[in-house]
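Colleague: If you scroll down you'll find the structure; I have some questions about it.
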Amino acid sequence: MAHSIPYQGAIALPGANSNISDLLIAGGGLASLLVAWRCLTTGNATRVTIVDAAVKVGGDHTWSFNETDLTPAALEWFGPAIAHHWPGYDVHFPAYSRRLDIGYCSSNSDALMKAVQPLIDSGKLVVLTGRKVEAVTPRTLKFEDGDTLEGNAIIDATGFRPDPTVLLGYQKFVGQVVRTSQPHGLDVPIIMDATVEQGDAYRFVYCLPYAPDKLLIEDTYYEDGPALDDATIHNRIREYAEGKGWQIENVLHSERGILPITMASDLEARLETEAGSAPKIGLAGGLYNAVTGYSLPDAISIAMRLGALPSLTQEAVTKSVIAYRLEHWRREKFFRLLNRMMFKAGEPSKRYQVLQRFYRLDEQLVAAFYRGDLTLLQKARILSGKPPVPVVPAIYNLSEQQFMNRHRS
């Protein structure tokens with residue numbers, strides 16, 4: 001199955017009378033593929049071109065989400081790319097364990113590429129790999145070798161880049177898909193097992209049961225810095241499996257990730273510096289859940305929004321993307337506050353207490369939290385009662401603007 005078309009030398013798009021696409025996207029990750037898929041499905045684009053420096057688009061990733069993160073229409077559309085579905089999931093903490101009856105779904109790079117492959121085969125979606133983009137303008141992609149490519153509308157989806165207007169912690173993980181010698185016994189995912197040793201970070205293990213003898217085990221850390229010691233974590237995955245009584249027969253696949261966790265940001269200032277450039281989506285545009293770092297629900301939402309535009313002019317695309325980024329930023333203000341509480345108000349070894357307290361709340365609130373759609377009453381419920389972090393540091397980190405000023409100076 002051909003996922004991409006590598007090009008060298010002068011760029012010429014195949015099977016077309018013009019080298020100008022309706023939509024040209026720099027970056028070949030989740031967000032760009034979903035936008036291309038949606039716009040070609042709704043018909044406001046007849047040809048979309050994606051350009052990426054990697055040897056293939058889509059990467060080698062697993063993306064998971066609560067069913068309730070998406071609207072029914074979005075869930076139905078994305079359905080062909082869902083690889084696994086479960087009726088609920090478990091969480092484990094030192095004080096208690098709980099099962100939540102919230103539908104949980106998982107996609108991956110192979111499932112996503114299988115969904116978009118017919119568009120590639122038809123020539124509607126052109127994928128150029130091995131071409132590093134040097135500059136993204138509202139009209140042109142410029143490459144290191146001097147080549148250019150034009151589009152009626154252009155989007156920047158080239159991934160996360162540090163920015164002085166965003167202050168971060170990190171969620172980091174190493175995962176292995178393993179085959180066990182005997183059935184592992186899990187019927188639903190374990191979203192958080194925080195009964196493991198904590199150390200200098202909030203640590204938990206995440207498990208997805210793919211088959212009776214096959215599962216993904218991810219060892220995850222909420223930590224201040226982005227460093228990741230893969231070898232050490234591979235050993236911890238093996239120790240975790242042994243502790244569960246799972247004998248690993250072989251490792252089928254490995255993956256790793258370093259996801260940004262936003263503690264504070266000034267998007268309005270960032271948009272001023274981006275004026276005149278192509279609009280940014282995905283991690284490049286800060287479109288991810290501030291608490292989890294997960295980007296799939298926002299990637300689907302922006303794809304649905306762009307797919308609903310009457311036409312893909314640069315003005316319409318830019319206006320729509322900026323409006324969504326501002327909505328997302330304002331909606332996530334409360335979640336950035338919670339991150340400041342977790343990262344800055346408590347001891348690293350006790351960060352688990354924030355989530356341990358949260359998962360005692362009712363399922364509707366948990367679902368609304370991950371959907372990013374909390375009411376004022378639900379926000380008050382999360383903050384009410386005895387706080388799981390010291391009061392004085394918590395108060396010290398309440399103001400996002402003051403936090404930005406302190407940590408940027």
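Residue names in the structure tokens use chain letters A, B, ... in the order shown, residue numbers from 1 in each chain, and ligand numbers from 1 in the order shown.
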Can you pull out every residue within 10 Å of A:Asp230, counting only C-alpha atoms, but drop anything in the same chain fewer than 2 positions away, and send it as a ChimeraX atom specification?
Modeller: /A:173-175,227-228,232-236,255-256
Colleague: With N, CA and C atoms kept, could you save the residues just selected as a JSON list (two decimals), in the first residue's frame?
Modeller:
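So part.json came out as:
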[["chain", "number", "residue", "atom", "x", "y", "z"],
["A", 173, "PHE", "N", 5.97, 9.45, 27.47],
["A", 173, "PHE", "CA", 5.66, 8.03, 27.60],
["A", 173, "PHE", "C", 6.51, 7.20, 26.65],
["A", 174, "VAL", "N", 6.71, 5.98, 27.05],
["A", 174, "VAL", "CA", 7.25, 4.94, 26.18],
["A", 174, "VAL", "C", 6.28, 3.78, 26.25],
["A", 175, "GLY", "N", 5.89, 3.26, 25.09],
["A", 175, "GLY", "CA", 4.92, 2.18, 25.06],
["A", 175, "GLY", "C", 5.42, 1.00, 24.25],
["A", 227, "ALA", "N", 13.16, 15.37, 28.91],
["A", 227, "ALA", "CA", 14.08, 14.24, 28.77],
["A", 227, "ALA", "C", 13.35, 12.92, 28.97],
["A", 228, "LEU", "N", 13.75, 11.91, 28.20],
["A", 228, "LEU", "CA", 13.07, 10.61, 28.24],
["A", 228, "LEU", "C", 14.11, 9.51, 28.09],
["A", 232, "THR", "N", 15.46, 2.73, 30.43],
["A", 232, "THR", "CA", 14.96, 2.58, 31.80],
["A", 232, "THR", "C", 13.47, 2.27, 31.81],
["A", 233, "ILE", "N", 12.72, 2.95, 30.96],
["A", 233, "ILE", "CA", 11.27, 2.75, 30.94],
["A", 233, "ILE", "C", 10.92, 1.38, 30.35],
["A", 234, "HIS", "N", 11.68, 0.89, 29.39],
["A", 234, "HIS", "CA", 11.45, -0.46, 28.88],
["A", 234, "HIS", "C", 11.58, -1.47, 30.02],
["A", 235, "ASN", "N", 12.55, -1.28, 30.89],
["A", 235, "ASN", "CA", 12.72, -2.17, 32.05],
["A", 235, "ASN", "C", 11.53, -2.07, 32.98],
["A", 236, "ARG", "N", 11.02, -0.85, 33.17],
["A", 236, "ARG", "CA", 9.88, -0.67, 34.06],
["A", 236, "ARG", "C", 8.61, -1.30, 33.47],
["A", 255, "GLU", "N", 6.72, 2.51, 20.78],
["A", 255, "GLU", "CA", 6.52, 3.91, 20.42],
["A", 255, "GLU", "C", 6.84, 4.78, 21.62],
["A", 256, "ARG", "N", 7.04, 6.03, 21.35],
["A", 256, "ARG", "CA", 7.36, 6.99, 22.41],
["A", 256, "ARG", "C", 6.72, 8.32, 22.06]]
Colleague: Mind checking which residues fall within 10 Å of A:His407, counting only C-alpha atoms, ignoring those fewer than 2 positions away in the same chain, and posting them as a PyMOL selection string?
Modeller: chain A and resi 164+167+264+402-405+409
Colleague: Keeping N, CA and C atoms, export the residues of the selection given above as a short mmCIF file (atom, residue, chain, number, x, y, z; two decimals), in the first residue's frame.
Modeller:
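The result, written out as out-v4.cif:
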data_model
loop_
_atom_site.label_atom_id
_atom_site.label_comp_id
_atom_site.auth_asym_id
_atom_site.auth_seq_id
_atom_site.Cartn_x
_atom_site.Cartn_y
_atom_site.Cartn_z
N PRO A 164 7.86 31.47 23.19
CA PRO A 164 7.93 32.20 24.47
C PRO A 164 6.57 32.58 25.03
N LEU A 167 4.08 28.43 28.24
CA LEU A 167 4.89 27.83 29.30
C LEU A 167 4.37 26.42 29.55
N ALA A 264 0.47 27.85 31.00
CA ALA A 264 0.04 29.24 30.75
C ALA A 264 0.39 29.58 29.31
N GLN A 402 0.22 36.72 35.77
CA GLN A 402 1.33 36.87 36.70
C GLN A 402 2.30 35.69 36.58
N PHE A 403 1.77 34.52 36.37
CA PHE A 403 2.60 33.34 36.17
C PHE A 403 3.49 33.51 34.94
N MET A 404 2.87 34.00 33.84
CA MET A 404 3.64 34.25 32.62
C MET A 404 4.74 35.27 32.88
N ASN A 405 4.41 36.35 33.58
CA ASN A 405 5.38 37.41 33.82
C ASN A 405 6.55 36.90 34.67
N SER A 409 10.46 36.22 32.79
CA SER A 409 11.47 37.24 33.14
C SER A 409 12.80 36.59 33.50
#
Colleague: For stretch 112-121 of chain A, work out the shell of residues within 7 Å, counting only C-alpha atoms and skipping chain neighbours fewer than 4 positions away, then give it as a PyMOL selection string.
Modeller: chain A and resi 37+58+80-81+108+125-126
Colleague: Can you check which residues of stretch 50-176 of chain A DSSP gives as alpha helix (DSSP H) on the backbone and send them as an mmCIF file with C-alpha atoms, in the first residue's frame?
Modeller:
data_model
loop_
_atom_site.group_PDB
_atom_site.id
_atom_site.type_symbol
_atom_site.label_atom_id
_atom_site.label_comp_id
_atom_site.auth_asym_id
_atom_site.auth_seq_id
_atom_site.Cartn_x
_atom_site.Cartn_y
_atom_site.Cartn_z
ATOM 1 C CA PRO A 72 -22.209 12.143 17.083
ATOM 2 C CA ALA A 73 -21.572 13.472 13.554
ATOM 3 C CA ALA A 74 -17.808 13.600 14.096
ATOM 4 C CA LEU A 75 -17.769 10.131 15.649
ATOM 5 C CA GLU A 76 -19.686 8.680 12.698
ATOM 6 C CA TRP A 77 -17.371 10.295 10.147
ATOM 7 C CA PHE A 78 -14.187 9.222 11.942
ATOM 8 C CA SER A 109 -1.432 5.383 12.075
ATOM 9 C CA ASP A 110 -2.271 2.237 10.122
ATOM 10 C CA ALA A 111 -6.027 2.630 10.644
ATOM 11 C CA LEU A 112 -5.907 6.301 9.666
ATOM 12 C CA MET A 113 -3.899 5.613 6.515
ATOM 13 C CA LYS A 114 -6.275 2.808 5.552
ATOM 14 C CA ALA A 115 -9.161 5.303 5.786
ATOM 15 C CA VAL A 116 -7.482 7.906 3.562
ATOM 16 C CA GLN A 117 -5.785 5.520 1.142
ATOM 17 C CA PRO A 118 -8.700 5.580 -1.371
ATOM 18 C CA LEU A 119 -8.217 9.353 -1.672
ATOM 19 C CA ILE A 120 -4.515 8.841 -2.414
ATOM 20 C CA ASP A 121 -5.261 6.111 -4.928
ATOM 21 C CA SER A 122 -7.763 8.354 -6.732
#
Colleague: Just give me the gap between atom CA of A:Arg98 and atom CA of A:Val205 in Å, one decimal is fine.
Modeller: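 Here the two named atoms are 15.1 Å from each other.
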Colleague: Can you pull out every residue from stretch 70-154 of chain A that DSSP, working from the backbone, puts in strand (DSSP E or B), and format the result as a VMD selection string?
Modeller: chain A and resid 82 to 86 89 to 92 97 to 100 104 to 108 125 to 129 133 to 136 140 to 143 148 to 151 154
Colleague: With a distance cut-off of 12 Å and only C-alpha atoms, select the neighbouring residues of stretch 248-253 of chain A, excluding the residue or stretch itself and same-chain residues fewer than 4 positions from it, and output the selection as an NGL selection string.
Modeller: :A and (60-62 or 174-184 or 213-218 or 234 or 237-244)
Colleague: Name all residues at most 9 Å from A:Leu40 (count only C-alpha atoms; drop same-chain ones fewer than 5 positions away) and give them as a list in words.
Modeller: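 Everything that qualifies: Val35, Ala45, Thr46, Arg47, Val48, Leu119, Lys124, Leu125 and Gly307 of chain A.
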Colleague: How would the residues just chosen look if you wrote them out with N, CA and C atoms as a compact mmCIF listing (two decimals), in the first residue's frame?
Modeller:
# COMPACT_ATOMS: atom_id res chain seq x y z
N VAL A 35 -7.83 16.94 8.01
CA VAL A 35 -8.36 18.06 7.23
C VAL A 35 -8.51 17.67 5.77
N ALA A 45 -13.06 20.72 -1.58
CA ALA A 45 -11.76 20.61 -2.24
C ALA A 45 -11.81 19.44 -3.22
N THR A 46 -11.21 19.62 -4.37
CA THR A 46 -11.11 18.52 -5.33
C THR A 46 -9.71 17.91 -5.33
N ARG A 47 -8.74 18.68 -4.84
CA ARG A 47 -7.39 18.14 -4.68
C ARG A 47 -6.70 18.82 -3.51
N VAL A 48 -6.11 18.00 -2.64
CA VAL A 48 -5.34 18.48 -1.50
C VAL A 48 -3.95 17.88 -1.60
N LEU A 119 -8.40 8.00 -1.16
CA LEU A 119 -8.22 9.35 -1.67
C LEU A 119 -6.85 9.50 -2.34
N LYS A 124 -6.89 12.38 -5.61
CA LYS A 124 -7.45 13.58 -4.98
C LYS A 124 -6.55 14.08 -3.85
N LEU A 125 -5.90 13.16 -3.16
CA LEU A 125 -4.95 13.52 -2.11
C LEU A 125 -3.55 13.16 -2.59
N GLY A 307 -14.02 21.60 6.72
CA GLY A 307 -14.79 20.88 5.72
C GLY A 307 -16.16 21.48 5.47
Colleague: For A:Trp63, work out the shell of residues within 7 Å, counting only C-alpha atoms and skipping chain neighbours fewer than 4 positions away, then give it as a CSV table (one decimal) with all heavy atoms, in the first residue's frame.
Modeller:
chain,number,residue,atom,x,y,z
A,106,SER,N,-9.8,3.9,20.3
A,106,SER,CA,-8.4,4.0,19.9
A,106,SER,C,-8.2,3.9,18.4
A,106,SER,O,-8.7,3.0,17.8
A,106,SER,CB,-7.5,3.0,20.6
A,106,SER,OG,-6.1,3.1,20.4
A,107,SER,N,-7.4,4.8,17.9
A,107,SER,CA,-7.0,4.8,16.5
A,107,SER,C,-5.5,4.6,16.4
A,107,SER,O,-4.8,4.7,17.4
A,107,SER,CB,-7.4,6.0,15.7
A,107,SER,OG,-7.1,6.0,14.4
A,108,ASN,N,-5.0,4.4,15.2
A,108,ASN,CA,-3.5,4.4,15.1
A,108,ASN,C,-3.2,4.8,13.6
A,108,ASN,O,-4.0,5.0,12.8
A,108,ASN,CB,-2.9,3.0,15.4
A,108,ASN,CG,-3.6,1.9,14.7
A,108,ASN,OD1,-3.7,2.0,13.4
A,108,ASN,ND2,-4.0,0.8,15.4
A,296,LEU,N,-6.2,14.5,19.2
A,296,LEU,CA,-7.2,13.9,18.2
A,296,LEU,C,-8.5,14.6,18.2
A,296,LEU,O,-9.0,15.0,17.1
A,296,LEU,CB,-7.3,12.4,18.4
A,296,LEU,CG,-8.1,11.7,17.3
A,296,LEU,CD1,-7.6,10.3,17.0
A,296,LEU,CD2,-9.6,11.6,17.7
Colleague: Leaving out A:Ala367 and any residue of its chain fewer than 5 positions from it, which residues lie within 10 Å of it when counting only C-alpha atoms, given as a compact mmCIF listing (two decimals) with N, CA, C and O atoms, in the first residue's frame?
Modeller:
# COMPACT_ATOMS: atom_id res chain seq x y z
N ASN A 66 -12.15 9.49 24.57
CA ASN A 66 -13.47 9.10 25.04
C ASN A 66 -14.47 9.29 23.91
O ASN A 66 -14.39 10.29 23.18
N GLU A 67 -15.43 8.40 23.79
CA GLU A 67 -16.49 8.59 22.80
C GLU A 67 -17.16 9.95 22.96
O GLU A 67 -17.54 10.59 21.99
N THR A 68 -17.30 10.37 24.22
CA THR A 68 -18.00 11.62 24.51
C THR A 68 -17.18 12.85 24.17
O THR A 68 -17.67 13.97 24.28
N ASP A 69 -15.92 12.68 23.74
CA ASP A 69 -15.11 13.82 23.31
C ASP A 69 -15.60 14.39 21.98
O ASP A 69 -15.30 15.54 21.65
N LEU A 100 -15.15 3.24 34.97
CA LEU A 100 -16.03 4.27 34.43
C LEU A 100 -16.67 3.74 33.16
O LEU A 100 -15.99 3.21 32.27
N ILE A 102 -17.64 4.91 30.40
CA ILE A 102 -17.52 5.89 29.32
C ILE A 102 -16.85 5.19 28.15
O ILE A 102 -15.74 4.66 28.28
N GLY A 103 -17.54 5.14 27.02
CA GLY A 103 -16.97 4.46 25.86
C GLY A 103 -15.61 5.03 25.50
O GLY A 103 -15.39 6.24 25.55
N ASP A 362 -18.31 12.40 39.65
CA ASP A 362 -19.26 11.62 38.88
C ASP A 362 -18.83 11.53 37.41
O ASP A 362 -18.09 12.37 36.89
N GLY A 372 -13.67 19.11 27.43
CA GLY A 372 -13.36 20.53 27.53
C GLY A 372 -14.60 21.39 27.57
O GLY A 372 -14.61 22.51 27.05
N ASP A 373 -15.64 20.89 28.22
CA ASP A 373 -16.94 21.56 28.18
C ASP A 373 -17.55 21.62 29.57
O ASP A 373 -18.69 21.19 29.78
N LEU A 374 -16.81 22.13 30.54
CA LEU A 374 -17.27 22.20 31.93
C LEU A 374 -18.15 23.41 32.17
O LEU A 374 -17.88 24.50 31.69
Colleague: Just how far from atom CA of A:Arg161 is atom CA of A:Val317, in Å to one decimal?
Modeller: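 Going from atom CA of A:Val317 over to atom CA of A:Arg161 covers 21.5 Å.
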Colleague: For the atom pair atom CA of A:Thr49 and atom CA of A:Ile25, what is the interatomic distance in Å to one decimal place?
Modeller: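 Spanning atom CA of A:Thr49 to atom CA of A:Ile25 is a straight-line distance of 6.2 Å.
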Colleague: Go through A:Ile20, A:Leu271, A:Ala201, A:Val127 one by one, measure the shortest atom-to-atom distance of each to A:Asp163 using only C-alpha atoms, and give the residue with the smallest value.
Modeller: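 Among the listed residues, the smallest separation from A:Asp163 belongs to A:Leu271.
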Colleague: Have a look at A:Phe369, A:Tyr288, A:Phe204, A:Tyr324 and name the one nearest to A:Tyr352; count only C-alpha atoms.
Modeller: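 Nearest to A:Tyr352: A:Phe204.
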Colleague: Which residue is closest to A:Arg340? Choose from A:Asp145, A:Glu400, A:Asp193, A:Asp187 and count only C-alpha atoms.
Modeller: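 When distances to A:Arg340 are compared using only C-alpha atoms, the smallest one comes from A:Glu400.
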Colleague: Using only C-alpha atoms, pick whichever of A:Ile300, A:Ala231, A:Ala269, A:Cys105 has the shortest atom-to-atom distance to A:Leu208.
Modeller: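 With only C-alpha atoms as the atom set, the closest residue is A:Cys105.
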Colleague: Let me make sure I understand: among A:Gln247, A:Pro94, A:Leu355, A:Phe65, which one has the smallest atom-to-atom distance to A:Ala299 if we use only C-alpha atoms?
Modeller: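 Under the stated criterion, the closest residue is A:Phe65.
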